[in-house]
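Asker: Sharing model-v3.pdb, PDB, C-alpha atoms, pLDDT in the B column:
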ATOM      1  CA  MET A   1       4.149  -2.729 -29.678  1.00 57.00           C
ATOM      2  CA  ASN A   2       2.042   0.351 -29.010  1.00 76.00           C
ATOM      3  CA  HIS A   3       2.589   2.026 -25.663  1.00 87.00           C
ATOM      4  CA  PRO A   4      -0.892   3.153 -24.584  1.00 94.00           C
ATOM      5  CA  GLN A   5      -1.222   5.750 -21.880  1.00 96.00           C
ATOM      6  CA  ILE A   6      -2.909   4.424 -18.750  1.00 98.00           C
ATOM      7  CA  SER A   7      -4.839   6.752 -16.462  1.00 98.00           C
ATOM      8  CA  ILE A   8      -4.779   5.498 -12.862  1.00 98.00           C
ATOM      9  CA  ILE A   9      -7.646   6.950 -10.849  1.00 98.00           C
ATOM     10  CA  THR A  10      -7.594   6.821  -7.055  1.00 98.00           C
ATOM     11  CA  PRO A  11     -10.658   7.952  -5.120  1.00 97.00           C
ATOM     12  CA  SER A  12      -9.735   8.900  -1.569  1.00 96.00           C
ATOM     13  CA  TYR A  13     -11.095  10.276   1.667  1.00 96.00           C
ATOM     14  CA  ASN A  14      -8.997  10.600   4.831  1.00 96.00           C
ATOM     15  CA  SER A  15      -6.455   8.184   3.385  1.00 96.00           C
ATOM     16  CA  GLY A  16      -3.348   9.889   4.743  1.00 96.00           C
ATOM     17  CA  GLU A  17      -2.277   6.853   6.721  1.00 95.00           C
ATOM     18  CA  TYR A  18      -1.707   4.675   3.659  1.00 95.00           C
ATOM     19  CA  ILE A  19      -2.140   6.589   0.381  1.00 97.00           C
ATOM     20  CA  GLU A  20       1.596   7.157   0.014  1.00 98.00           C
ATOM     21  CA  ARG A  21       2.094   3.421  -0.419  1.00 97.00           C
ATOM     22  CA  ALA A  22      -0.392   3.460  -3.298  1.00 98.00           C
ATOM     23  CA  ILE A  23       1.405   6.380  -4.930  1.00 98.00           C
ATOM     24  CA  GLN A  24       4.771   4.660  -4.547  1.00 98.00           C
ATOM     25  CA  SER A  25       3.416   1.449  -6.088  1.00 98.00           C
ATOM     26  CA  VAL A  26       2.680   3.414  -9.260  1.00 98.00           C
ATOM     27  CA  LEU A  27       6.037   5.176  -9.253  1.00 98.00           C
ATOM     28  CA  ASN A  28       7.769   1.791  -8.964  1.00 97.00           C
ATOM     29  CA  GLN A  29       6.261   0.442 -12.193  1.00 97.00           C
ATOM     30  CA  ASP A  30       8.551  -0.689 -15.012  1.00 94.00           C
ATOM     31  CA  TYR A  31       6.272   1.093 -17.512  1.00 96.00           C
ATOM     32  CA  ASP A  32       6.234   4.872 -17.712  1.00 94.00           C
ATOM     33  CA  ASN A  33       3.351   5.970 -19.958  1.00 97.00           C
ATOM     34  CA  TRP A  34       0.810   6.669 -17.245  1.00 98.00           C
ATOM     35  CA  GLU A  35      -0.814   9.458 -15.283  1.00 98.00           C
ATOM     36  CA  HIS A  36      -2.031   9.245 -11.689  1.00 98.00           C
ATOM     37  CA  ILE A  37      -5.201  11.105 -10.757  1.00 98.00           C
ATOM     38  CA  ILE A  38      -6.323  11.435  -7.146  1.00 98.00           C
ATOM     39  CA  VAL A  39      -9.967  12.412  -6.616  1.00 98.00           C
ATOM     40  CA  ASP A  40     -10.249  13.310  -2.953  1.00 98.00           C
ATOM     41  CA  GLY A  41     -13.558  13.864  -1.219  1.00 97.00           C
ATOM     42  CA  GLY A  42     -12.389  16.766   0.947  1.00 97.00           C
ATOM     43  CA  SER A  43     -10.185  14.944   3.446  1.00 97.00           C
ATOM     44  CA  THR A  44      -9.707  16.429   6.913  1.00 97.00           C
ATOM     45  CA  ASP A  45      -6.634  14.363   7.858  1.00 97.00           C
ATOM     46  CA  ASN A  46      -3.130  14.701   6.387  1.00 97.00           C
ATOM     47  CA  THR A  47      -4.048  13.317   2.935  1.00 98.00           C
ATOM     48  CA  LEU A  48      -3.515  16.627   1.141  1.00 98.00           C
ATOM     49  CA  GLU A  49      -0.120  17.121   2.781  1.00 98.00           C
ATOM     50  CA  VAL A  50       0.930  13.750   1.357  1.00 98.00           C
ATOM     51  CA  LEU A  51      -0.386  14.606  -2.117  1.00 98.00           C
ATOM     52  CA  LYS A  52       1.502  17.914  -2.173  1.00 98.00           C
ATOM     53  CA  LYS A  53       4.766  15.985  -1.831  1.00 97.00           C
ATOM     54  CA  TYR A  54       4.300  14.485  -5.311  1.00 98.00           C
ATOM     55  CA  PRO A  55       4.206  17.081  -8.116  1.00 98.00           C
ATOM     56  CA  HIS A  56       3.502  14.455 -10.775  1.00 98.00           C
ATOM     57  CA  LEU A  57       0.016  13.841  -9.347  1.00 98.00           C
ATOM     58  CA  ASN A  58      -3.089  15.369 -10.868  1.00 98.00           C
ATOM     59  CA  TRP A  59      -5.379  15.778  -7.898  1.00 98.00           C
ATOM     60  CA  VAL A  60      -8.538  17.522  -6.795  1.00 98.00           C
ATOM     61  CA  SER A  61     -10.077  17.720  -3.319  1.00 98.00           C
ATOM     62  CA  GLU A  62     -13.742  18.631  -2.936  1.00 97.00           C
ATOM     63  CA  PRO A  63     -16.932  17.118  -1.487  1.00 95.00           C
ATOM     64  CA  ASP A  64     -18.512  14.367  -3.546  1.00 96.00           C
ATOM     65  CA  ARG A  65     -21.429  11.963  -3.418  1.00 95.00           C
ATOM     66  CA  GLY A  66     -19.408   8.859  -2.681  1.00 94.00           C
ATOM     67  CA  ILE A  67     -16.721   6.639  -4.140  1.00 96.00           C
ATOM     68  CA  TYR A  68     -18.411   6.146  -7.532  1.00 97.00           C
ATOM     69  CA  ASP A  69     -19.030   9.857  -7.960  1.00 98.00           C
ATOM     70  CA  ALA A  70     -15.286  10.302  -7.385  1.00 98.00           C
ATOM     71  CA  MET A  71     -14.504   7.580  -9.932  1.00 98.00           C
ATOM     72  CA  ASN A  72     -16.783   9.235 -12.493  1.00 98.00           C
ATOM     73  CA  LYS A  73     -15.007  12.549 -11.906  1.00 98.00           C
ATOM     74  CA  GLY A  74     -11.725  10.791 -12.527  1.00 98.00           C
ATOM     75  CA  ILE A  75     -12.956   9.443 -15.864  1.00 98.00           C
ATOM     76  CA  LYS A  76     -13.707  12.996 -17.003  1.00 97.00           C
ATOM     77  CA  ILE A  77     -10.248  14.201 -15.935  1.00 97.00           C
ATOM     78  CA  ALA A  78      -8.360  11.260 -17.462  1.00 98.00           C
ATOM     79  CA  THR A  79      -6.502  11.704 -20.741  1.00 97.00           C
ATOM     80  CA  GLY A  80      -5.238   8.142 -21.236  1.00 97.00           C
ATOM     81  CA  GLY A  81      -6.673   5.633 -23.658  1.00 96.00           C
ATOM     82  CA  TRP A  82      -6.965   3.131 -20.810  1.00 98.00           C
ATOM     83  CA  VAL A  83      -8.398   3.659 -17.321  1.00 98.00           C
ATOM     84  CA  TYR A  84      -7.682   1.845 -14.066  1.00 98.00           C
ATOM     85  CA  PHE A  85      -9.197   2.385 -10.604  1.00 98.00           C
ATOM     86  CA  MET A  86      -7.057   1.816  -7.525  1.00 97.00           C
ATOM     87  CA  GLY A  87      -8.074   2.535  -3.945  1.00 95.00           C
ATOM     88  CA  GLY A  88      -5.934   4.683  -1.680  1.00 95.00           C
ATOM     89  CA  ASP A  89      -5.140   1.609   0.408  1.00 95.00           C
ATOM     90  CA  ASP A  90      -4.339  -0.682  -2.560  1.00 96.00           C
ATOM     91  CA  ARG A  91      -0.997  -1.315  -4.253  1.00 96.00           C
ATOM     92  CA  LEU A  92      -0.121  -2.180  -7.840  1.00 97.00           C
ATOM     93  CA  LYS A  93       2.172  -5.127  -8.398  1.00 96.00           C
ATOM     94  CA  PRO A  94       5.522  -3.938  -9.869  1.00 92.00           C
ATOM     95  CA  ASN A  95       5.025  -5.360 -13.378  1.00 92.00           C
ATOM     96  CA  ALA A  96       1.275  -4.823 -13.702  1.00 97.00           C
ATOM     97  CA  LEU A  97       1.204  -1.845 -16.072  1.00 97.00           C
ATOM     98  CA  LYS A  98       3.740  -3.353 -18.464  1.00 96.00           C
ATOM     99  CA  ILE A  99       1.778  -6.615 -18.726  1.00 96.00           C
ATOM    100  CA  ILE A 100      -1.477  -4.781 -19.384  1.00 96.00           C
ATOM    101  CA  ALA A 101       0.113  -2.363 -21.854  1.00 95.00           C
ATOM    102  CA  GLU A 102       1.505  -5.276 -23.880  1.00 94.00           C
ATOM    103  CA  ALA A 103      -1.932  -6.899 -24.047  1.00 93.00           C
ATOM    104  CA  ALA A 104      -3.660  -3.612 -24.861  1.00 93.00           C
ATOM    105  CA  GLY A 105      -1.095  -2.636 -27.487  1.00 87.00           C
ATOM    106  CA  ASN A 106      -1.077  -5.949 -29.334  1.00 82.00           C
ATOM    107  CA  GLN A 107      -4.755  -6.909 -29.310  1.00 86.00           C
ATOM    108  CA  ASP A 108      -8.068  -5.297 -30.164  1.00 92.00           C
ATOM    109  CA  LEU A 109      -9.601  -5.303 -26.684  1.00 96.00           C
ATOM    110  CA  ASP A 110     -11.969  -3.144 -24.636  1.00 97.00           C
ATOM    111  CA  VAL A 111     -11.433  -4.635 -21.165  1.00 98.00           C
ATOM    112  CA  ILE A 112      -8.506  -6.551 -19.686  1.00 98.00           C
ATOM    113  CA  TYR A 113      -8.742  -8.095 -16.232  1.00 98.00           C
ATOM    114  CA  GLY A 114      -6.618 -10.312 -14.022  1.00 98.00           C
ATOM    115  CA  ASP A 115      -6.507 -11.208 -10.346  1.00 97.00           C
ATOM    116  CA  VAL A 116      -5.910  -9.456  -7.052  1.00 96.00           C
ATOM    117  CA  TRP A 117      -4.230 -10.682  -3.910  1.00 95.00           C
ATOM    118  CA  SER A 118      -5.895 -10.013  -0.566  1.00 92.00           C
ATOM    119  CA  THR A 119      -6.020 -11.381   2.961  1.00 87.00           C
ATOM    120  CA  ARG A 120      -9.777 -10.926   2.688  1.00 83.00           C
ATOM    121  CA  PHE A 121      -9.872 -13.749   0.138  1.00 84.00           C
ATOM    122  CA  GLY A 122      -7.086 -15.777   1.698  1.00 87.00           C
ATOM    123  CA  GLY A 123      -4.713 -15.029  -1.176  1.00 92.00           C
ATOM    124  CA  ARG A 124      -5.226 -14.840  -4.920  1.00 94.00           C
ATOM    125  CA  HIS A 125      -8.677 -13.946  -6.278  1.00 94.00           C
ATOM    126  CA  ASP A 126     -10.568 -14.776  -8.557  1.00 94.00           C
ATOM    127  CA  GLY A 127      -9.728 -16.183 -12.000  1.00 96.00           C
ATOM    128  CA  LYS A 128     -11.627 -16.106 -15.270  1.00 98.00           C
ATOM    129  CA  PHE A 129     -15.326 -15.238 -15.210  1.00 98.00           C
ATOM    130  CA  ASP A 130     -18.278 -16.559 -17.203  1.00 96.00           C
ATOM    131  CA  TYR A 131     -21.977 -15.655 -17.492  1.00 95.00           C
ATOM    132  CA  LYS A 132     -22.899 -17.407 -14.223  1.00 95.00           C
ATOM    133  CA  LYS A 133     -19.885 -16.353 -12.176  1.00 97.00           C
ATOM    134  CA  ILE A 134     -20.500 -12.662 -12.925  1.00 97.00           C
ATOM    135  CA  TYR A 135     -23.956 -13.077 -11.390  1.00 96.00           C
ATOM    136  CA  ASP A 136     -22.666 -14.810  -8.277  1.00 96.00           C
ATOM    137  CA  LYS A 137     -19.489 -12.730  -7.777  1.00 95.00           C
ATOM    138  CA  ASN A 138     -18.035  -9.386  -8.714  1.00 96.00           C
ATOM    139  CA  ILE A 139     -14.742  -8.798 -10.521  1.00 97.00           C
ATOM    140  CA  CYS A 140     -12.602  -6.607  -8.249  1.00 95.00           C
ATOM    141  CA  HIS A 141     -12.153  -3.231  -9.903  1.00 95.00           C
ATOM    142  CA  GLN A 142      -8.521  -3.310  -8.747  1.00 96.00           C
ATOM    143  CA  SER A 143      -7.947  -6.030 -11.347  1.00 97.00           C
ATOM    144  CA  ILE A 144      -9.640  -4.354 -14.351  1.00 98.00           C
ATOM    145  CA  PHE A 145      -8.318  -2.033 -17.052  1.00 98.00           C
ATOM    146  CA  PHE A 146     -10.868  -0.316 -19.288  1.00 98.00           C
ATOM    147  CA  SER A 147     -10.541   1.255 -22.683  1.00 97.00           C
ATOM    148  CA  ARG A 148     -12.067   4.756 -22.460  1.00 95.00           C
ATOM    149  CA  LYS A 149     -14.572   3.807 -25.162  1.00 95.00           C
ATOM    150  CA  VAL A 150     -16.266   1.427 -22.704  1.00 97.00           C
ATOM    151  CA  PHE A 151     -17.481   4.406 -20.680  1.00 97.00           C
ATOM    152  CA  GLN A 152     -18.357   6.322 -23.835  1.00 95.00           C
ATOM    153  CA  SER A 153     -20.595   3.500 -25.063  1.00 96.00           C
ATOM    154  CA  LEU A 154     -21.993   2.108 -21.791  1.00 96.00           C
ATOM    155  CA  GLY A 155     -21.900   5.119 -19.488  1.00 96.00           C
ATOM    156  CA  ASP A 156     -20.269   5.764 -16.126  1.00 97.00           C
ATOM    157  CA  PHE A 157     -20.901   4.138 -12.729  1.00 98.00           C
ATOM    158  CA  SER A 158     -24.419   4.523 -11.359  1.00 97.00           C
ATOM    159  CA  ILE A 159     -24.143   6.504  -8.131  1.00 97.00           C
ATOM    160  CA  LYS A 160     -27.486   5.197  -6.880  1.00 96.00           C
ATOM    161  CA  TYR A 161     -25.518   2.095  -5.836  1.00 97.00           C
ATOM    162  CA  LYS A 162     -23.358   3.089  -2.902  1.00 94.00           C
ATOM    163  CA  SER A 163     -21.010   0.095  -2.722  1.00 95.00           C
ATOM    164  CA  HIS A 164     -21.665  -2.136  -5.759  1.00 97.00           C
ATOM    165  CA  ALA A 165     -21.920   0.230  -8.728  1.00 98.00           C
ATOM    166  CA  ASP A 166     -18.790  -1.454 -10.090  1.00 98.00           C
ATOM    167  CA  TRP A 167     -20.579  -4.834 -10.046  1.00 98.00           C
ATOM    168  CA  ASP A 168     -23.505  -3.322 -11.937  1.00 98.00           C
ATOM    169  CA  HIS A 169     -21.092  -1.812 -14.468  1.00 98.00           C
ATOM    170  CA  ASN A 170     -19.164  -5.079 -14.779  1.00 98.00           C
ATOM    171  CA  MET A 171     -22.370  -6.934 -15.645  1.00 98.00           C
ATOM    172  CA  ARG A 172     -23.100  -4.283 -18.280  1.00 97.00           C
ATOM    173  CA  TRP A 173     -19.859  -4.767 -20.211  1.00 98.00           C
ATOM    174  CA  PHE A 174     -19.457  -8.487 -19.543  1.00 98.00           C
ATOM    175  CA  LEU A 175     -22.919  -9.440 -20.801  1.00 96.00           C
ATOM    176  CA  ASN A 176     -23.589  -7.078 -23.698  1.00 94.00           C
ATOM    177  CA  GLY A 177     -21.917  -9.302 -26.300  1.00 94.00           C
ATOM    178  CA  LYS A 178     -20.038  -6.388 -27.921  1.00 94.00           C
ATOM    179  CA  THR A 179     -17.349  -5.504 -25.391  1.00 97.00           C
ATOM    180  CA  LYS A 180     -14.189  -7.453 -26.205  1.00 97.00           C
ATOM    181  CA  HIS A 181     -12.664  -8.601 -22.945  1.00 97.00           C
ATOM    182  CA  LYS A 182      -9.811 -10.875 -21.937  1.00 97.00           C
ATOM    183  CA  TYR A 183      -8.609 -12.465 -18.720  1.00 98.00           C
ATOM    184  CA  ILE A 184      -4.843 -12.261 -18.048  1.00 96.00           C
ATOM    185  CA  ASP A 185      -3.389 -14.880 -15.703  1.00 96.00           C
ATOM    186  CA  CYS A 186      -1.516 -12.538 -13.367  1.00 96.00           C
ATOM    187  CA  VAL A 187      -1.946 -10.631 -10.110  1.00 97.00           C
ATOM    188  CA  ILE A 188      -2.582  -6.946 -10.813  1.00 97.00           C
ATOM    189  CA  ALA A 189      -2.759  -5.479  -7.318  1.00 97.00           C
ATOM    190  CA  GLU A 190      -2.826  -6.077  -3.613  1.00 95.00           C
ATOM    191  CA  TYR A 191      -6.381  -5.341  -2.547  1.00 90.00           C
ATOM    192  CA  ALA A 192      -6.704  -4.027   0.997  1.00 84.00           C
ATOM    193  CA  ASP A 193      -9.196  -5.773   3.255  1.00 72.00           C
ATOM    194  CA  GLY A 194     -11.770  -3.519   4.859  1.00 61.00           C
ATOM    195  CA  GLY A 195     -12.381  -1.297   1.821  1.00 59.00           C
ATOM    196  CA  TYR A 196     -15.659   0.561   1.446  1.00 61.00           C
ATOM    197  CA  SER A 197     -17.497  -2.034  -0.639  1.00 58.00           C
ATOM    198  CA  SER A 198     -16.369  -4.914   1.563  1.00 58.00           C
ATOM    199  CA  VAL A 199     -17.876  -3.473   4.751  1.00 64.00           C
ATOM    200  CA  ASN A 200     -20.926  -1.595   3.443  1.00 78.00           C
ATOM    201  CA  PRO A 201     -24.005  -3.463   2.180  1.00 90.00           C
ATOM    202  CA  ASP A 202     -25.844  -2.168  -0.885  1.00 95.00           C
ATOM    203  CA  ASP A 203     -29.542  -2.904  -0.476  1.00 96.00           C
ATOM    204  CA  ILE A 204     -30.565  -1.069  -3.644  1.00 96.00           C
ATOM    205  CA  PHE A 205     -28.129  -3.082  -5.751  1.00 97.00           C
ATOM    206  CA  ALA A 206     -29.297  -6.311  -4.093  1.00 95.00           C
ATOM    207  CA  ARG A 207     -32.870  -5.390  -5.005  1.00 92.00           C
ATOM    208  CA  ASP A 208     -31.976  -4.574  -8.626  1.00 94.00           C
ATOM    209  CA  LYS A 209     -29.285  -7.143  -9.373  1.00 95.00           C
ATOM    210  CA  ARG A 210     -31.395  -9.915 -10.848  1.00 93.00           C
ATOM    211  CA  PHE A 211     -33.516  -7.616 -12.998  1.00 91.00           C
ATOM    212  CA  ASN A 212     -30.428  -5.750 -14.228  1.00 94.00           C
ATOM    213  CA  TYR A 213     -28.740  -9.035 -15.110  1.00 94.00           C
ATOM    214  CA  ILE A 214     -31.808 -10.057 -17.109  1.00 91.00           C
ATOM    215  CA  LYS A 215     -31.764  -6.698 -18.901  1.00 91.00           C
ATOM    216  CA  TYR A 216     -28.032  -6.744 -19.675  1.00 94.00           C
ATOM    217  CA  GLY A 217     -27.811 -10.430 -20.550  1.00 93.00           C
ATOM    218  CA  ARG A 218     -31.030 -10.880 -22.480  1.00 87.00           C
ATOM    219  CA  LYS A 219     -29.162 -11.492 -25.766  1.00 87.00           C
ATOM    220  CA  THR A 220     -26.140 -13.379 -24.481  1.00 90.00           C
ATOM    221  CA  ALA A 221     -26.821 -15.416 -21.333  1.00 89.00           C
ATOM    222  CA  PRO A 222     -28.004 -19.009 -21.885  1.00 86.00           C
ATOM    223  CA  GLY A 223     -31.780 -19.389 -22.053  1.00 85.00           C
ATOM    224  CA  ILE A 224     -32.096 -21.907 -19.219  1.00 84.00           C
ATOM    225  CA  PHE A 225     -30.239 -19.652 -16.796  1.00 90.00           C
ATOM    226  CA  MET A 226     -32.245 -16.613 -17.887  1.00 88.00           C
ATOM    227  CA  GLU A 227     -35.505 -18.508 -17.547  1.00 86.00           C
ATOM    228  CA  ARG A 228     -34.633 -19.459 -13.978  1.00 88.00           C
ATOM    229  CA  LEU A 229     -33.828 -15.862 -13.077  1.00 90.00           C
ATOM    230  CA  CYS A 230     -37.033 -14.616 -14.699  1.00 84.00           C
ATOM    231  CA  LYS A 231     -39.110 -17.091 -12.719  1.00 82.00           C
ATOM    232  CA  GLN A 232     -37.401 -16.080  -9.486  1.00 85.00           C
ATOM    233  CA  GLU A 233     -37.979 -12.396 -10.222  1.00 81.00           C
ATOM    234  CA  ILE A 234     -41.657 -12.919 -10.999  1.00 78.00           C
ATOM    235  CA  LYS A 235     -42.184 -15.123  -7.930  1.00 77.00           C
ATOM    236  CA  GLU A 236     -40.969 -12.414  -5.587  1.00 76.00           C
ATOM    237  CA  LYS A 237     -43.448  -9.812  -6.834  1.00 64.00           C
ATOM    238  CA  ASN A 238     -46.269  -9.226  -4.385  1.00 56.00           C
ATOM    239  CA  SER A 239     -49.608  -8.953  -6.176  1.00 52.00           C
ATOM    240  CA  PHE A 240     -51.155 -11.189  -8.804  1.00 49.00           C
ATOM    241  CA  TYR A 241     -51.528  -8.362 -11.312  1.00 48.00           C
ATOM    242  CA  THR A 242     -48.010  -7.100 -10.697  1.00 58.00           C
ATOM    243  CA  ARG A 243     -46.725 -10.585 -11.413  1.00 57.00           C
ATOM    244  CA  LYS A 244     -48.699 -10.751 -14.646  1.00 59.00           C
ATOM    245  CA  ILE A 245     -47.487  -7.380 -15.879  1.00 61.00           C
ATOM    246  CA  PHE A 246     -43.915  -8.059 -14.821  1.00 64.00           C
ATOM    247  CA  ALA A 247     -43.950 -11.503 -16.464  1.00 63.00           C
ATOM    248  CA  PHE A 248     -45.106  -9.948 -19.719  1.00 62.00           C
ATOM    249  CA  VAL A 249     -42.363  -7.301 -19.615  1.00 66.00           C
ATOM    250  CA  ILE A 250     -39.687  -9.907 -18.877  1.00 67.00           C
ATOM    251  CA  LEU A 251     -40.846 -12.140 -21.728  1.00 65.00           C
ATOM    252  CA  ILE A 252     -40.803  -9.214 -24.169  1.00 65.00           C
ATOM    253  CA  LEU A 253     -37.300  -8.235 -23.068  1.00 64.00           C
ATOM    254  CA  VAL A 254     -35.942 -11.735 -23.414  1.00 63.00           C
ATOM    255  CA  LYS A 255     -37.645 -12.540 -26.722  1.00 59.00           C
ATOM    256  CA  TYR A 256     -37.367  -9.365 -28.731  1.00 57.00           C
ATOM    257  CA  PHE A 257     -34.493  -7.231 -27.419  1.00 56.00           C
TER     258      PHE A 257
END
As structure tokens - that is how I would like this structure written.
Answerer:
Amino acid sequence: MNHPQISIITPSYNSGEYIERAIQSVLNQDYDNWEHIIVDGGSTDNTLEVLKKYPHLNWVSEPDRGIYDAMNKGIKIATGGWVYFMGGDDRLKPNALKIIAEAAGNQDLDVIYGDVWSTRFGGRHDGKFDYKKIYDKNICHQSIFFSRKVFQSLGDFSIKYKSHADWDHNMRWFLNGKTKHKYIDCVIAEYADGGYSSVNPDDIFARDKRFNYIKYGRKTAPGIFMERLCKQEIKEKNSFYTRKIFAFVILILVKYF
């Protein structure tokens, strides 16, 4: 078995109350080929004092433009072949890295995902996804491991989405038909309730979601489902001429691209 290096990226801001638990959950893994990167947004609490206690950490603290800007910074810092994003208030399950490393080392995969456990969901969440489920629900980023080449081919997280850029990115890789992904039946992490995305709406993502799904899934999602989404998108446009133009664009996208 290969032993791929896994880069764990933790965006943080004023996380001093709980970030040490996240750090310890990585140190307690039964797999040792990893690095832990903390991208802090310029915390004003005791976060930096906690980070200084752990010399193995690779950390930076500076203002950023939000959680996804911090995650993108982490991608650029990371040296591992695989990348994982864990919040400062989340915790890895003890055997998570070993399970993922075995799957990554033995199979030709781009994305591996499992489940999380959270009181927010009443326990374990959320199983294997398909083309419809990825439209209705997001895959928690605390359950996903990415090969670095996913970001090289599809790009980083879009920071115009303040709390659901990960959902947009998940639709990109899940629907493109080229990214090889696999669901692993195990709990990867304990996901803390009350995280940023769970308490902050994302109106821009909500506005763009259907159109983005149509764009990303135009070659892979079943025609009947795509047709329904296209009709819904066209119906919500305001003017007659806007509807006509938009309908034409949608039809071209679906038919030829």
Asker: Please list, as a list in words, the residues that have an atom at most 6 Å away from (-15.4, -4.3, -23.3) in the coordinates of this file, counting only C-alpha atoms.
Answerer: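 Those residues lying close to the given coordinates are Asp110, Val111, Val150, Trp173, Thr179, Lys180 and His181 of chain A.
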Asker: Would you save the residues of that selection, restricted to C-alpha atoms, as a tab-separated table (two decimals), keeping the file's coordinate frame?
Answerer:
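Once written, part.tsv looks like this:
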chain	number	residue	atom	x	y	z
A	110	ASP	CA	-11.97	-3.14	-24.64
A	111	VAL	CA	-11.43	-4.64	-21.16
A	150	VAL	CA	-16.27	1.43	-22.70
A	173	TRP	CA	-19.86	-4.77	-20.21
A	179	THR	CA	-17.35	-5.50	-25.39
A	180	LYS	CA	-14.19	-7.45	-26.20
A	181	HIS	CA	-12.66	-8.60	-22.94
Asker: Expressed in Å to a single decimal, how great is the separation between atom CA of A:Asp208 and atom CA of A:Arg172?
Answerer: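 Separating atom CA of A:Asp208 from atom CA of A:Arg172 is a distance of 13.1 Å.
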Asker: What's the separation between atom CA of A:Ser147 and atom CA of A:Tyr31, in Å to one decimal place?
Answerer: 17.6 Å
Asker: Listing only residues of stretch 90-124 of chain A within 10 Å of stretch 135-142 of chain A, what is the closest atom pair and its distance in Å (to one decimal) for each, using all atoms listed in the file, sorted by chain and residue number ascending, as CSV?
Answerer:
residue,atom,partner,partner_atom,distance
A:Asp90,CA,A:Gln142,CA,7.9
A:Arg91,CA,A:Gln142,CA,9.0
A:Leu92,CA,A:Gln142,CA,8.5
A:Tyr113,CA,A:Ile139,CA,8.3
A:Gly114,CA,A:Gln142,CA,9.0
A:Asp115,CA,A:Cys140,CA,7.9
A:Val116,CA,A:Gln142,CA,6.9
A:Trp117,CA,A:Gln142,CA,9.8
Asker: Between atom CA of A:Asn14 and atom CA of A:Gln29, measure the distance and give it in Å to one decimal.
Answerer: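 It comes out at 25.0 Å.
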Asker: Let me know the residues the PyMOL selection byres ((chain A and resi 19) around 10) catches in the file above, as a list in words.
Answerer: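 The output of the PyMOL selection byres ((chain A and resi 19) around 10) on this file is Thr10, Ser12, Tyr13, Asn14, Ser15, Gly16, Glu17, Tyr18, Glu20, Arg21, Ala22, Ile23, Gln24, Ser25, Ile38, Thr47, Val50, Leu51, Gly87, Gly88, Asp89, Asp90 and Arg91 of chain A.
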Asker: So that each row is one residue of stretch 116-204 of chain A with an atom at most 12 Å from stretch 220-237 of chain A, can you give its shortest atom pair and the distance in Å to one decimal, using only C-alpha atoms, rows by chain and rising number, as a Markdown table?
Answerer:
| residue | atom | partner | partner_atom | distance |
| --- | --- | --- | --- | --- |
| A:Asp130 | CA | A:Ala221 | CA | 9.6 |
| A:Tyr131 | CA | A:Ala221 | CA | 6.2 |
| A:Lys132 | CA | A:Phe225 | CA | 8.1 |
| A:Lys133 | CA | A:Ala221 | CA | 11.5 |
| A:Ile134 | CA | A:Ala221 | CA | 10.9 |
| A:Tyr135 | CA | A:Leu229 | CA | 10.4 |
| A:Met171 | CA | A:Ala221 | CA | 11.1 |
| A:Arg172 | CA | A:Thr220 | CA | 11.4 |
| A:Trp173 | CA | A:Thr220 | CA | 11.5 |
| A:Phe174 | CA | A:Thr220 | CA | 9.6 |
| A:Leu175 | CA | A:Thr220 | CA | 6.3 |
| A:Asn176 | CA | A:Thr220 | CA | 6.8 |
| A:Gly177 | CA | A:Thr220 | CA | 6.1 |
| A:Lys178 | CA | A:Thr220 | CA | 9.9 |
| A:Thr179 | CA | A:Thr220 | CA | 11.8 |
Asker: At a cut-off of 10 Å, using all atoms listed in the file, what residues contact A:His56? Leave out same-chain residues fewer than 2 positions from it and give the result as a list of chain:residue names.
Answerer: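 What passes the distance filter is A:Leu27, A:Glu35, A:His36, A:Ile37, A:Leu51, A:Lys52, A:Lys53, A:Tyr54, A:Asn58, A:Trp59.
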Asker: Quick one: of A:Leu57, A:Ala165, A:Leu97, A:Leu154, who's nearest to A:Asp202, counting all atoms listed in the file?
Answerer: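 The closest residue to A:Asp202 is A:Ala165.
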Asker: If the PyMOL selection byres ((chain A and resi 63) around 10) is run on the structure shown, which residues does it catch, given as a list in words?
Answerer: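 Selection result, ordered by chain and number: Tyr13, Val39, Asp40, Gly41, Gly42, Ser43, Val60, Ser61, Glu62, Asp64, Arg65, Gly66, Asp69 and Ala70 of chain A.
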Asker: With distances taken over all atoms listed in the file, which residue among A:Lys98, A:Lys149, A:His125, A:His169 lies nearest A:Gly80?
Answerer: A:Lys149
Asker: Residues at most 10 Å from A:Ala104, counting only C-alpha atoms, excluding those fewer than 6 positions away in the same chain, as a list in words?
Answerer: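 Within the cut-off, the hits are Met1, Asn2, His3, Pro4, Gly81, Trp82, Lys98, Asp110, Val111, Ile112, Phe145, Phe146, Ser147 and Lys182 of chain A.
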Asker: Using only C-alpha atoms, which of the listed residues (A:Ala206, A:Ile77, A:Ile9, A:Val187) sits closest to A:Arg124?
Answerer: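 Checking each of A:Ala206, A:Ile77, A:Ile9, A:Val187 against A:Arg124, counting only C-alpha atoms, the winner is A:Val187.
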Asker: Between A:Asn72, A:Lys215, A:Asp193, A:Val83, which has the minimum distance to A:Ser158 (counting only C-alpha atoms)?
Answerer: A:Asn72
Asker: Counting only C-alpha atoms, which residue out of A:Glu49, A:Glu102, A:Asp203, A:Asp108 sits closest to A:Ser163?
Answerer: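 Under the stated criterion, the closest residue is A:Asp203.
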Asker: Measuring atom to atom with only C-alpha atoms, identify which of A:Gln107, A:Gln5, A:Asn212, A:Asn170 is nearest to A:Ile144.
Answerer: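 Ranked by minimum distance to A:Ile144, first place goes to A:Asn170.
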Asker: Stretch 180-187 of chain A, all listed atoms, 4 Å padding on each side: what axis-aligned box centre and edge lengths in Å to one decimal come out, as AutoDock Vina command-line options?
Answerer:
--center_x -7.9 --center_y -11.2 --center_z -18.2 --size_x 20.7 --size_y 15.4 --size_z 24.1
